[in-house]
file query_19.cif (mmCIF, N, CA and C atoms and all ligand atoms)
data_run
#
loop_
_atom_site.group_PDB
_atom_site.id
_atom_site.type_symbol
_atom_site.label_atom_id
_atom_site.label_comp_id
_atom_site.auth_asym_id
_atom_site.auth_seq_id
_atom_site.Cartn_x
_atom_site.Cartn_y
_atom_site.Cartn_z
ATOM 1 N N MET L 1 90.749 105.300 84.664
ATOM 2 C CA MET L 1 91.598 104.119 84.516
ATOM 3 C C MET L 1 90.906 102.906 85.143
ATOM 4 N N GLU L 2 90.962 101.815 84.444
ATOM 5 C CA GLU L 2 90.337 100.605 84.973
ATOM 6 C C GLU L 2 91.379 99.553 85.276
ATOM 7 N N PHE L 3 91.142 98.870 86.342
ATOM 8 C CA PHE L 3 92.035 97.772 86.686
ATOM 9 C C PHE L 3 91.305 96.470 86.423
ATOM 10 N N GLU L 4 91.974 95.593 85.766
ATOM 11 C CA GLU L 4 91.376 94.279 85.584
ATOM 12 C C GLU L 4 92.125 93.305 86.448
ATOM 13 N N ILE L 5 91.445 92.847 87.445
ATOM 14 C CA ILE L 5 92.083 91.914 88.359
ATOM 15 C C ILE L 5 91.478 90.539 88.151
ATOM 16 N N PRO L 6 92.304 89.618 87.694
ATOM 17 C CA PRO L 6 91.770 88.276 87.482
ATOM 18 C C PRO L 6 91.297 87.677 88.802
ATOM 19 N N VAL L 7 90.269 86.904 88.705
ATOM 20 C CA VAL L 7 89.683 86.324 89.910
ATOM 21 C C VAL L 7 90.286 84.952 90.167
ATOM 22 N N ALA L 8 90.567 84.686 91.410
ATOM 23 C CA ALA L 8 91.028 83.357 91.801
ATOM 24 C C ALA L 8 90.400 83.033 93.141
ATOM 25 N N ALA L 9 90.183 81.770 93.366
ATOM 26 C CA ALA L 9 89.635 81.370 94.657
ATOM 27 C C ALA L 9 90.653 81.702 95.743
ATOM 28 N N PRO L 10 90.209 82.307 96.830
ATOM 29 C CA PRO L 10 91.158 82.624 97.906
ATOM 30 C C PRO L 10 91.709 81.348 98.540
ATOM 31 N N PRO L 11 92.883 81.453 99.142
ATOM 32 C CA PRO L 11 93.439 80.266 99.801
ATOM 33 C C PRO L 11 92.552 79.845 100.975
ATOM 34 N N ILE L 12 92.608 78.574 101.296
ATOM 35 C CA ILE L 12 91.803 78.099 102.426
ATOM 36 C C ILE L 12 92.540 78.311 103.738
ATOM 37 N N GLU L 13 93.855 78.550 103.626
ATOM 38 C CA GLU L 13 94.608 78.826 104.840
ATOM 39 C C GLU L 13 95.697 79.852 104.541
ATOM 40 N N VAL L 14 95.812 80.856 105.395
ATOM 41 C CA VAL L 14 96.812 81.909 105.248
ATOM 42 C C VAL L 14 97.633 81.939 106.524
ATOM 43 N N GLU L 15 98.921 81.754 106.356
ATOM 44 C CA GLU L 15 99.785 81.723 107.533
ATOM 45 C C GLU L 15 100.926 82.704 107.318
ATOM 46 N N LEU L 16 100.983 83.716 108.182
ATOM 47 C CA LEU L 16 102.039 84.714 108.058
ATOM 48 C C LEU L 16 103.074 84.489 109.149
ATOM 49 N N ASP L 17 104.288 84.187 108.710
ATOM 50 C CA ASP L 17 105.419 84.154 109.637
ATOM 51 C C ASP L 17 106.063 85.526 109.521
ATOM 52 N N ARG L 18 105.892 86.364 110.531
ATOM 53 C CA ARG L 18 106.267 87.769 110.415
ATOM 54 C C ARG L 18 107.744 88.007 110.131
ATOM 55 N N GLN L 19 108.583 87.017 110.385
ATOM 56 C CA GLN L 19 110.014 87.180 110.136
ATOM 57 C C GLN L 19 110.451 86.524 108.829
ATOM 58 N N ARG L 20 109.616 85.667 108.269
ATOM 59 C CA ARG L 20 110.113 84.851 107.168
ATOM 60 C C ARG L 20 109.269 84.848 105.906
ATOM 61 N N HIS L 21 108.051 84.394 106.019
ATOM 62 C CA HIS L 21 107.298 84.142 104.792
ATOM 63 C C HIS L 21 105.794 84.191 104.993
ATOM 64 N N LEU L 22 105.127 84.177 103.851
ATOM 65 C CA LEU L 22 103.674 84.044 103.812
ATOM 66 C C LEU L 22 103.399 82.683 103.185
ATOM 67 N N LYS L 23 102.629 81.883 103.899
ATOM 68 C CA LYS L 23 102.350 80.533 103.410
ATOM 69 C C LYS L 23 100.862 80.406 103.125
ATOM 70 N N LEU L 24 100.558 79.998 101.907
ATOM 71 C CA LEU L 24 99.160 79.896 101.481
ATOM 72 C C LEU L 24 98.836 78.461 101.101
ATOM 73 N N THR L 25 97.711 77.991 101.582
ATOM 74 C CA THR L 25 97.213 76.682 101.157
ATOM 75 C C THR L 25 95.991 76.924 100.284
ATOM 76 N N TRP L 26 96.056 76.446 99.051
ATOM 77 C CA TRP L 26 94.987 76.688 98.078
ATOM 78 C C TRP L 26 93.928 75.598 98.157
ATOM 79 N N ASP L 27 92.785 75.893 97.532
ATOM 80 C CA ASP L 27 91.672 74.940 97.617
ATOM 81 C C ASP L 27 91.940 73.641 96.867
ATOM 82 N N ASP L 28 92.997 73.621 96.035
ATOM 83 C CA ASP L 28 93.350 72.357 95.375
ATOM 84 C C ASP L 28 94.378 71.571 96.189
ATOM 85 N N GLY L 29 94.690 72.069 97.380
ATOM 86 C CA GLY L 29 95.592 71.336 98.267
ATOM 87 C C GLY L 29 97.051 71.720 98.134
ATOM 88 N N THR L 30 97.387 72.526 97.119
ATOM 89 C CA THR L 30 98.780 72.927 96.967
ATOM 90 C C THR L 30 99.119 74.023 97.981
ATOM 91 N N VAL L 31 100.383 74.055 98.346
ATOM 92 C CA VAL L 31 100.858 75.028 99.321
ATOM 93 C C VAL L 31 101.922 75.892 98.656
ATOM 94 N N SER L 32 101.802 77.205 98.804
ATOM 95 C CA SER L 32 102.792 78.124 98.237
ATOM 96 C C SER L 32 103.411 78.929 99.369
ATOM 97 N N THR L 33 104.735 79.063 99.322
ATOM 98 C CA THR L 33 105.426 79.862 100.324
ATOM 99 C C THR L 33 106.153 80.998 99.625
ATOM 100 N N PHE L 34 105.915 82.210 100.091
ATOM 101 C CA PHE L 34 106.546 83.391 99.503
ATOM 102 C C PHE L 34 107.441 84.041 100.541
ATOM 103 N N ALA L 35 108.714 84.196 100.211
ATOM 104 C CA ALA L 35 109.631 84.885 101.123
ATOM 105 C C ALA L 35 109.204 86.337 101.256
ATOM 106 N N LEU L 36 109.352 86.900 102.448
ATOM 107 C CA LEU L 36 108.952 88.293 102.660
ATOM 108 C C LEU L 36 109.679 89.242 101.716
ATOM 109 N N GLU L 37 110.965 89.019 101.498
ATOM 110 C CA GLU L 37 111.739 89.904 100.613
ATOM 111 C C GLU L 37 111.139 89.930 99.212
ATOM 112 N N THR L 38 110.683 88.760 98.765
ATOM 113 C CA THR L 38 110.090 88.678 97.430
ATOM 114 C C THR L 38 108.796 89.482 97.371
ATOM 115 N N LEU L 39 107.955 89.295 98.383
ATOM 116 C CA LEU L 39 106.677 90.012 98.391
ATOM 117 C C LEU L 39 106.888 91.519 98.469
ATOM 118 N N ARG L 40 107.830 91.921 99.319
ATOM 119 C CA ARG L 40 108.074 93.361 99.465
ATOM 120 C C ARG L 40 108.672 93.930 98.179
ATOM 121 N N GLY L 41 109.602 93.198 97.587
ATOM 122 C CA GLY L 41 110.275 93.660 96.366
ATOM 123 C C GLY L 41 109.325 93.734 95.188
ATOM 124 N N GLU L 42 108.294 92.890 95.213
ATOM 125 C CA GLU L 42 107.340 92.881 94.107
ATOM 126 C C GLU L 42 106.015 93.506 94.509
ATOM 127 N N CYS L 43 106.074 94.391 95.457
ATOM 128 C CA CYS L 43 104.872 95.103 95.911
ATOM 129 C C CYS L 43 104.169 95.710 94.703
ATOM 130 N N PRO L 44 102.869 95.428 94.556
ATOM 131 C CA PRO L 44 102.148 95.872 93.361
ATOM 132 C C PRO L 44 101.592 97.294 93.425
ATOM 133 N N CYS L 45 101.914 98.068 94.454
ATOM 134 C CA CYS L 45 101.329 99.409 94.536
ATOM 135 C C CYS L 45 101.955 100.328 93.489
ATOM 136 N N ALA L 46 101.284 101.444 93.222
ATOM 137 C CA ALA L 46 101.706 102.357 92.160
ATOM 138 C C ALA L 46 103.121 102.891 92.408
ATOM 139 N N GLN L 47 103.410 103.205 93.655
ATOM 140 C CA GLN L 47 104.712 103.755 94.005
ATOM 141 C C GLN L 47 105.839 102.760 93.689
ATOM 142 N N CYS L 48 105.660 101.518 94.101
ATOM 143 C CA CYS L 48 106.700 100.503 93.876
ATOM 144 C C CYS L 48 106.801 100.129 92.402
ATOM 145 N N ARG L 49 105.657 100.089 91.736
ATOM 146 C CA ARG L 49 105.701 99.808 90.294
ATOM 147 C C ARG L 49 106.484 100.900 89.591
ATOM 148 N N GLY L 50 106.280 102.159 90.029
ATOM 149 C CA GLY L 50 107.001 103.285 89.444
ATOM 150 C C GLY L 50 108.508 103.154 89.643
ATOM 151 N N LEU L 51 108.902 102.752 90.836
ATOM 152 C CA LEU L 51 110.332 102.572 91.121
ATOM 153 C C LEU L 51 110.935 101.504 90.217
ATOM 154 N N ARG L 52 110.213 100.376 90.090
ATOM 155 C CA ARG L 52 110.734 99.284 89.256
ATOM 156 C C ARG L 52 110.807 99.694 87.796
ATOM 157 N N THR L 53 109.827 100.508 87.356
ATOM 158 C CA THR L 53 109.838 100.989 85.982
ATOM 159 C C THR L 53 111.101 101.809 85.713
ATOM 160 N N GLN L 54 111.558 102.524 86.755
ATOM 161 C CA GLN L 54 112.784 103.321 86.610
ATOM 162 C C GLN L 54 114.042 102.491 86.837
ATOM 163 N N GLY L 55 113.852 101.181 87.002
ATOM 164 C CA GLY L 55 114.999 100.311 87.221
ATOM 165 C C GLY L 55 115.512 100.339 88.653
ATOM 166 N N LYS L 56 114.702 100.916 89.547
ATOM 167 C CA LYS L 56 115.104 100.953 90.951
ATOM 168 C C LYS L 56 114.438 99.817 91.710
ATOM 169 N N LEU L 57 114.947 99.565 92.894
ATOM 170 C CA LEU L 57 114.366 98.527 93.724
ATOM 171 C C LEU L 57 113.223 99.113 94.545
ATOM 172 N N ALA L 58 112.137 98.342 94.637
ATOM 173 C CA ALA L 58 111.015 98.777 95.472
ATOM 174 C C ALA L 58 111.401 98.652 96.943
ATOM 175 N N TYR L 59 112.324 97.781 97.203
ATOM 176 C CA TYR L 59 112.750 97.577 98.579
ATOM 177 C C TYR L 59 114.269 97.456 98.587
ATOM 178 N N SER L 60 114.921 98.334 99.311
ATOM 179 C CA SER L 60 116.377 98.297 99.344
ATOM 180 C C SER L 60 116.866 97.938 100.742
ATOM 181 N N THR L 61 117.758 96.986 100.793
ATOM 182 C CA THR L 61 118.303 96.590 102.095
ATOM 183 C C THR L 61 119.205 97.686 102.661
ATOM 184 N N GLU L 62 119.561 98.669 101.822
ATOM 185 C CA GLU L 62 120.440 99.735 102.311
ATOM 186 C C GLU L 62 119.689 100.798 103.114
ATOM 187 N N THR L 63 118.433 101.003 102.751
ATOM 188 C CA THR L 63 117.688 102.075 103.414
ATOM 189 C C THR L 63 116.622 101.564 104.374
ATOM 190 N N ALA L 64 116.204 100.324 104.224
ATOM 191 C CA ALA L 64 115.108 99.803 105.038
ATOM 192 C C ALA L 64 115.643 99.131 106.300
ATOM 193 N N PRO L 65 114.808 99.072 107.335
ATOM 194 C CA PRO L 65 115.235 98.386 108.552
ATOM 195 C C PRO L 65 115.518 96.915 108.280
ATOM 196 N N GLN L 66 116.508 96.406 108.947
ATOM 197 C CA GLN L 66 116.896 94.995 108.783
ATOM 198 C C GLN L 66 116.725 94.238 110.089
ATOM 199 N N PRO L 67 116.256 93.019 110.074
ATOM 200 C CA PRO L 67 115.738 92.364 108.868
ATOM 201 C C PRO L 67 114.330 92.834 108.545
ATOM 202 N N LEU L 68 113.954 92.619 107.292
ATOM 203 C CA LEU L 68 112.594 92.941 106.879
ATOM 204 C C LEU L 68 111.625 92.088 107.686
ATOM 205 N N ALA L 69 110.539 92.698 108.134
ATOM 206 C CA ALA L 69 109.525 91.943 108.863
ATOM 207 C C ALA L 69 108.139 92.466 108.512
ATOM 208 N N ALA L 70 107.178 91.585 108.642
ATOM 209 C CA ALA L 70 105.776 91.975 108.467
ATOM 210 C C ALA L 70 105.214 92.264 109.848
ATOM 211 N N ILE L 71 104.586 93.415 109.989
ATOM 212 C CA ILE L 71 104.009 93.758 111.290
ATOM 213 C C ILE L 71 102.649 93.073 111.431
ATOM 214 N N HIS L 72 101.827 93.235 110.428
ATOM 215 C CA HIS L 72 100.608 92.442 110.368
ATOM 216 C C HIS L 72 100.071 92.439 108.955
ATOM 217 N N ALA L 73 99.068 91.624 108.735
ATOM 218 C CA ALA L 73 98.487 91.509 107.403
ATOM 219 C C ALA L 73 96.980 91.570 107.518
ATOM 220 N N GLU L 74 96.382 92.068 106.468
ATOM 221 C CA GLU L 74 94.925 92.206 106.447
ATOM 222 C C GLU L 74 94.390 91.609 105.164
ATOM 223 N N LEU L 75 93.316 90.876 105.264
ATOM 224 C CA LEU L 75 92.670 90.379 104.054
ATOM 225 C C LEU L 75 91.900 91.520 103.422
ATOM 226 N N VAL L 76 91.955 91.576 102.107
ATOM 227 C CA VAL L 76 91.238 92.620 101.379
ATOM 228 C C VAL L 76 90.105 91.963 100.621
ATOM 229 N N GLY L 77 88.894 92.122 101.128
ATOM 230 C CA GLY L 77 87.748 91.479 100.519
ATOM 231 C C GLY L 77 88.026 90.003 100.356
ATOM 232 N N ASN L 78 87.677 89.510 99.188
ATOM 233 C CA ASN L 78 87.863 88.092 98.928
ATOM 234 C C ASN L 78 89.034 87.871 97.996
ATOM 235 N N TRP L 79 89.759 88.963 97.672
ATOM 236 C CA TRP L 79 90.685 88.796 96.564
ATOM 237 C C TRP L 79 92.157 89.032 96.854
ATOM 238 N N GLY L 80 92.496 89.390 98.061
ATOM 239 C CA GLY L 80 93.925 89.595 98.268
ATOM 240 C C GLY L 80 94.292 89.887 99.702
ATOM 241 N N ILE L 81 95.542 90.297 99.873
ATOM 242 C CA ILE L 81 96.062 90.543 101.210
ATOM 243 C C ILE L 81 96.989 91.756 101.164
ATOM 244 N N THR L 82 96.898 92.575 102.193
ATOM 245 C CA THR L 82 97.809 93.704 102.359
ATOM 246 C C THR L 82 98.724 93.395 103.530
ATOM 247 N N ILE L 83 100.001 93.621 103.336
ATOM 248 C CA ILE L 83 100.953 93.406 104.426
ATOM 249 C C ILE L 83 101.501 94.758 104.883
ATOM 250 N N HIS L 84 101.500 94.960 106.171
ATOM 251 C CA HIS L 84 102.103 96.166 106.749
ATOM 252 C C HIS L 84 103.537 95.822 107.125
ATOM 253 N N TRP L 85 104.478 96.508 106.479
ATOM 254 C CA TRP L 85 105.891 96.173 106.632
ATOM 255 C C TRP L 85 106.563 97.034 107.685
ATOM 256 N N ASN L 86 107.663 96.556 108.199
ATOM 257 C CA ASN L 86 108.373 97.328 109.223
ATOM 258 C C ASN L 86 109.158 98.508 108.644
ATOM 259 N N ASP L 87 109.143 98.668 107.315
ATOM 260 C CA ASP L 87 109.726 99.891 106.743
ATOM 261 C C ASP L 87 108.642 100.960 106.554
ATOM 262 N N GLY L 88 107.434 100.692 107.088
ATOM 263 C CA GLY L 88 106.375 101.689 107.049
ATOM 264 C C GLY L 88 105.463 101.584 105.839
ATOM 265 N N HIS L 89 105.783 100.665 104.948
ATOM 266 C CA HIS L 89 105.014 100.546 103.715
ATOM 267 C C HIS L 89 103.796 99.640 103.920
ATOM 268 N N ASP L 90 102.652 100.053 103.354
ATOM 269 C CA ASP L 90 101.466 99.205 103.531
ATOM 270 C C ASP L 90 100.421 99.422 102.439
ATOM 271 N N THR L 91 100.842 99.919 101.289
ATOM 272 C CA THR L 91 99.855 100.278 100.273
ATOM 273 C C THR L 91 99.650 99.220 99.197
ATOM 274 N N GLY L 92 100.453 98.180 99.200
ATOM 275 C CA GLY L 92 100.323 97.178 98.139
ATOM 276 C C GLY L 92 99.311 96.108 98.498
ATOM 277 N N ILE L 93 98.468 95.771 97.540
ATOM 278 C CA ILE L 93 97.547 94.660 97.752
ATOM 279 C C ILE L 93 97.985 93.510 96.845
ATOM 280 N N HIS L 94 98.352 92.417 97.468
ATOM 281 C CA HIS L 94 98.757 91.231 96.711
ATOM 282 C C HIS L 94 97.507 90.402 96.427
ATOM 283 N N ALA L 95 97.113 90.378 95.147
ATOM 284 C CA ALA L 95 95.903 89.642 94.767
ATOM 285 C C ALA L 95 96.188 88.141 94.794
ATOM 286 N N TRP L 96 95.213 87.383 95.261
ATOM 287 C CA TRP L 96 95.384 85.919 95.281
ATOM 288 C C TRP L 96 95.713 85.396 93.903
ATOM 289 N N SER L 97 95.033 85.960 92.892
ATOM 290 C CA SER L 97 95.233 85.475 91.531
ATOM 291 C C SER L 97 96.685 85.619 91.096
ATOM 292 N N VAL L 98 97.302 86.758 91.469
ATOM 293 C CA VAL L 98 98.697 86.992 91.086
ATOM 294 C C VAL L 98 99.610 86.047 91.871
ATOM 295 N N LEU L 99 99.349 85.894 93.143
ATOM 296 C CA LEU L 99 100.154 84.988 93.954
ATOM 297 C C LEU L 99 100.049 83.556 93.435
ATOM 298 N N LYS L 100 98.849 83.181 93.029
ATOM 299 C CA LYS L 100 98.645 81.824 92.511
ATOM 300 C C LYS L 100 99.450 81.613 91.233
ATOM 301 N N ILE L 101 99.482 82.638 90.373
ATOM 302 C CA ILE L 101 100.242 82.531 89.127
ATOM 303 C C ILE L 101 101.730 82.404 89.439
ATOM 304 N N HIS L 102 102.226 83.232 90.372
ATOM 305 C CA HIS L 102 103.643 83.177 90.731
ATOM 306 C C HIS L 102 104.001 81.848 91.371
ATOM 307 N N ALA L 103 103.030 81.249 92.013
ATOM 308 C CA ALA L 103 103.289 79.980 92.701
ATOM 309 C C ALA L 103 103.353 78.825 91.722
ATOM 310 N N ALA L 104 102.692 78.991 90.598
ATOM 311 C CA ALA L 104 102.567 77.870 89.655
ATOM 312 C C ALA L 104 103.911 77.518 89.027
HETATM 313 ZN ZN ZN S 201 104.520 99.350 97.302
#
call {"tool": "encode", "arguments": {"input": "query_19.cif", "output": "C-alpha cells"}}
result
Amino acid sequence: MEFEIPVAAPPIEVELDRQRHLKLTWDDGTVSTFALETLRGECPCAQCRGLRTQGKLAYSTETAPQPLAAIHAELVGNWGITIHWNDGHDTGIHAWSVLKIHAA
C-alpha cells in the first residue's frame, strides 16, 4: 500500500496550547488555529479512520478524560506533527499539507 502525502511548506511557527489549541503560522504569514477537539476527532491514524468509517467518533467525551489535553507534540520530519493526547492516543500524524488545506 502506498500513501501519497501532498507536500506543503512547514509552518514557520508552531505553538501548542496544551489545554486549548494548536496554532500555526505559515510562511505566507497566515495563522491557523485548530481546537484540540477538532484535531483529536479528525486524527488521521488507521484506527481512528476505521472508527469514523463505521460512523463512530474517533474521540468520545463519554469515555475519554475530560478536558481533552495535549501532553506534548513532536515534529515528524519536515511534514507533520504528532500529538500525544491525555487519553493515551499518539499514533496520528497530522500532515502540514492537510492542516493547511483545512485552514484555507
Ligand atoms: Zn488516531
call {"tool": "residues_around", "arguments": {"input": "query_19.cif", "residues": "segment 43-45 of chain L", "least_positions_apart": "3", "cutoff": "6.5 Å", "atoms": "all atoms listed in the file", "output": "list in words"}}
result
Thr38, Leu39, Arg40, Cys48, Arg49, Gly50, Thr91, Gly92, Ile93 and His94 of chain L
call {"tool": "closest_residue", "arguments": {"input": "query_19.cif", "among": "L:Pro65, L:Tyr59, L:Gln54, L:Thr25", "to": "Gly41 of chain L", "atoms": "all atoms listed in the file"}}
result
L:Tyr59
call {"tool": "atom_distance", "arguments": {"input": "query_19.cif", "atom1": "atom CA of Thr61 of chain L", "atom2": "atom C of Trp96 of chain L"}}
result
26.5 Å
call {"tool": "atom_distance", "arguments": {"input": "query_19.cif", "atom1": "atom CA of Trp85 of chain L", "atom2": "atom N of Ala73 of chain L"}}
result
8.5 Å
call {"tool": "atom_distance", "arguments": {"input": "query_19.cif", "atom1": "atom CA of Ala35 of chain L", "atom2": "atom CA of Arg20 of chain L"}}
result
6.1 Å
call {"tool": "resolve_selection", "arguments": {"input": "query_19.cif", "expression": "the PyMOL selection byres (((chain L and resi 68 and name CA) around 8) and not hetatm and name CA)", "output": "PDB file with N, CA and C atoms, keeping the file's coordinate frame"}}
result
ATOM      1  N   GLN L  19     108.583  87.017 110.385  1.00  0.00           N
ATOM      2  CA  GLN L  19     110.014  87.180 110.136  1.00  0.00           C
ATOM      3  C   GLN L  19     110.451  86.524 108.829  1.00  0.00           C
ATOM      4  N   LEU L  36     109.352  86.900 102.448  1.00  0.00           N
ATOM      5  CA  LEU L  36     108.952  88.293 102.660  1.00  0.00           C
ATOM      6  C   LEU L  36     109.679  89.242 101.716  1.00  0.00           C
ATOM      7  N   GLU L  37     110.965  89.019 101.498  1.00  0.00           N
ATOM      8  CA  GLU L  37     111.739  89.904 100.613  1.00  0.00           C
ATOM      9  C   GLU L  37     111.139  89.930  99.212  1.00  0.00           C
ATOM     10  N   ALA L  64     116.204 100.324 104.224  1.00  0.00           N
ATOM     11  CA  ALA L  64     115.108  99.803 105.038  1.00  0.00           C
ATOM     12  C   ALA L  64     115.643  99.131 106.300  1.00  0.00           C
ATOM     13  N   PRO L  65     114.808  99.072 107.335  1.00  0.00           N
ATOM     14  CA  PRO L  65     115.235  98.386 108.552  1.00  0.00           C
ATOM     15  C   PRO L  65     115.518  96.915 108.280  1.00  0.00           C
ATOM     16  N   GLN L  66     116.508  96.406 108.947  1.00  0.00           N
ATOM     17  CA  GLN L  66     116.896  94.995 108.783  1.00  0.00           C
ATOM     18  C   GLN L  66     116.725  94.238 110.089  1.00  0.00           C
ATOM     19  N   PRO L  67     116.256  93.019 110.074  1.00  0.00           N
ATOM     20  CA  PRO L  67     115.738  92.364 108.868  1.00  0.00           C
ATOM     21  C   PRO L  67     114.330  92.834 108.545  1.00  0.00           C
ATOM     22  N   ALA L  69     110.539  92.698 108.134  1.00  0.00           N
ATOM     23  CA  ALA L  69     109.525  91.943 108.863  1.00  0.00           C
ATOM     24  C   ALA L  69     108.139  92.466 108.512  1.00  0.00           C
ATOM     25  N   ALA L  70     107.178  91.585 108.642  1.00  0.00           N
ATOM     26  CA  ALA L  70     105.776  91.975 108.467  1.00  0.00           C
ATOM     27  C   ALA L  70     105.214  92.264 109.848  1.00  0.00           C
ATOM     28  N   TRP L  85     104.478  96.508 106.479  1.00  0.00           N
ATOM     29  CA  TRP L  85     105.891  96.173 106.632  1.00  0.00           C
ATOM     30  C   TRP L  85     106.563  97.034 107.685  1.00  0.00           C
ATOM     31  N   ASN L  86     107.663  96.556 108.199  1.00  0.00           N
ATOM     32  CA  ASN L  86     108.373  97.328 109.223  1.00  0.00           C
ATOM     33  C   ASN L  86     109.158  98.508 108.644  1.00  0.00           C
ATOM     34  N   ASP L  87     109.143  98.668 107.315  1.00  0.00           N
ATOM     35  CA  ASP L  87     109.726  99.891 106.743  1.00  0.00           C
ATOM     36  C   ASP L  87     108.642 100.960 106.554  1.00  0.00           C
TER      37      ASP L  87
END
call {"tool": "resolve_selection", "arguments": {"input": "query_19.cif", "expression": "the PyMOL selection byres (((chain L and resi 8) around 6.5) and not hetatm)", "output": "VMD selection string"}}
result
chain L and resid 6 to 7 9 to 10 96 to 97
call {"tool": "closest_residue", "arguments": {"input": "query_19.cif", "among": "L:His89, L:Thr63, L:Arg18, L:Phe34", "to": "ligand ZN 201 (chain S)", "atoms": "only N, CA and C atoms and all ligand atoms"}}
result
L:His89
call {"tool": "select_by_dssp", "arguments": {"input": "query_19.cif", "residues": "segment 33-102 of chain L", "states": "strand (DSSP E or B)", "output": "list in words"}}
result
Thr33, Phe34, Ala35, Ala70, Ile71, His72, Ala73, Glu74, Leu75, Val76, Gly80, Ile81, Thr82, Ile83, His84, Trp85, Ile93, His94 and Ala95 of chain L
call {"tool": "resolve_selection", "arguments": {"input": "query_19.cif", "expression": "the PyMOL selection byres (((chain L and resi 33) around 6) and not hetatm)", "output": "PyMOL selection string"}}
result
chain L and resi 22-24+31-32+34-35
call {"tool": "closest_residue", "arguments": {"input": "query_19.cif", "among": "L:Glu42, L:Lys56, L:Val14, L:Asp28", "to": "ligand ZN 201 (chain S)", "atoms": "all atoms listed in the file"}}
result
L:Glu42
call {"tool": "select_by_dssp", "arguments": {"input": "query_19.cif", "residues": "segment 29-92 of chain L", "states": "helix (DSSP H, G or I)", "output": "list in words"}}
result
Leu36, Glu37, Thr38, Leu39, Arg40, Gly41, Ala46, Gln47, Cys48, Arg49, Gly50, Leu51, Arg52 and Thr53 of chain L
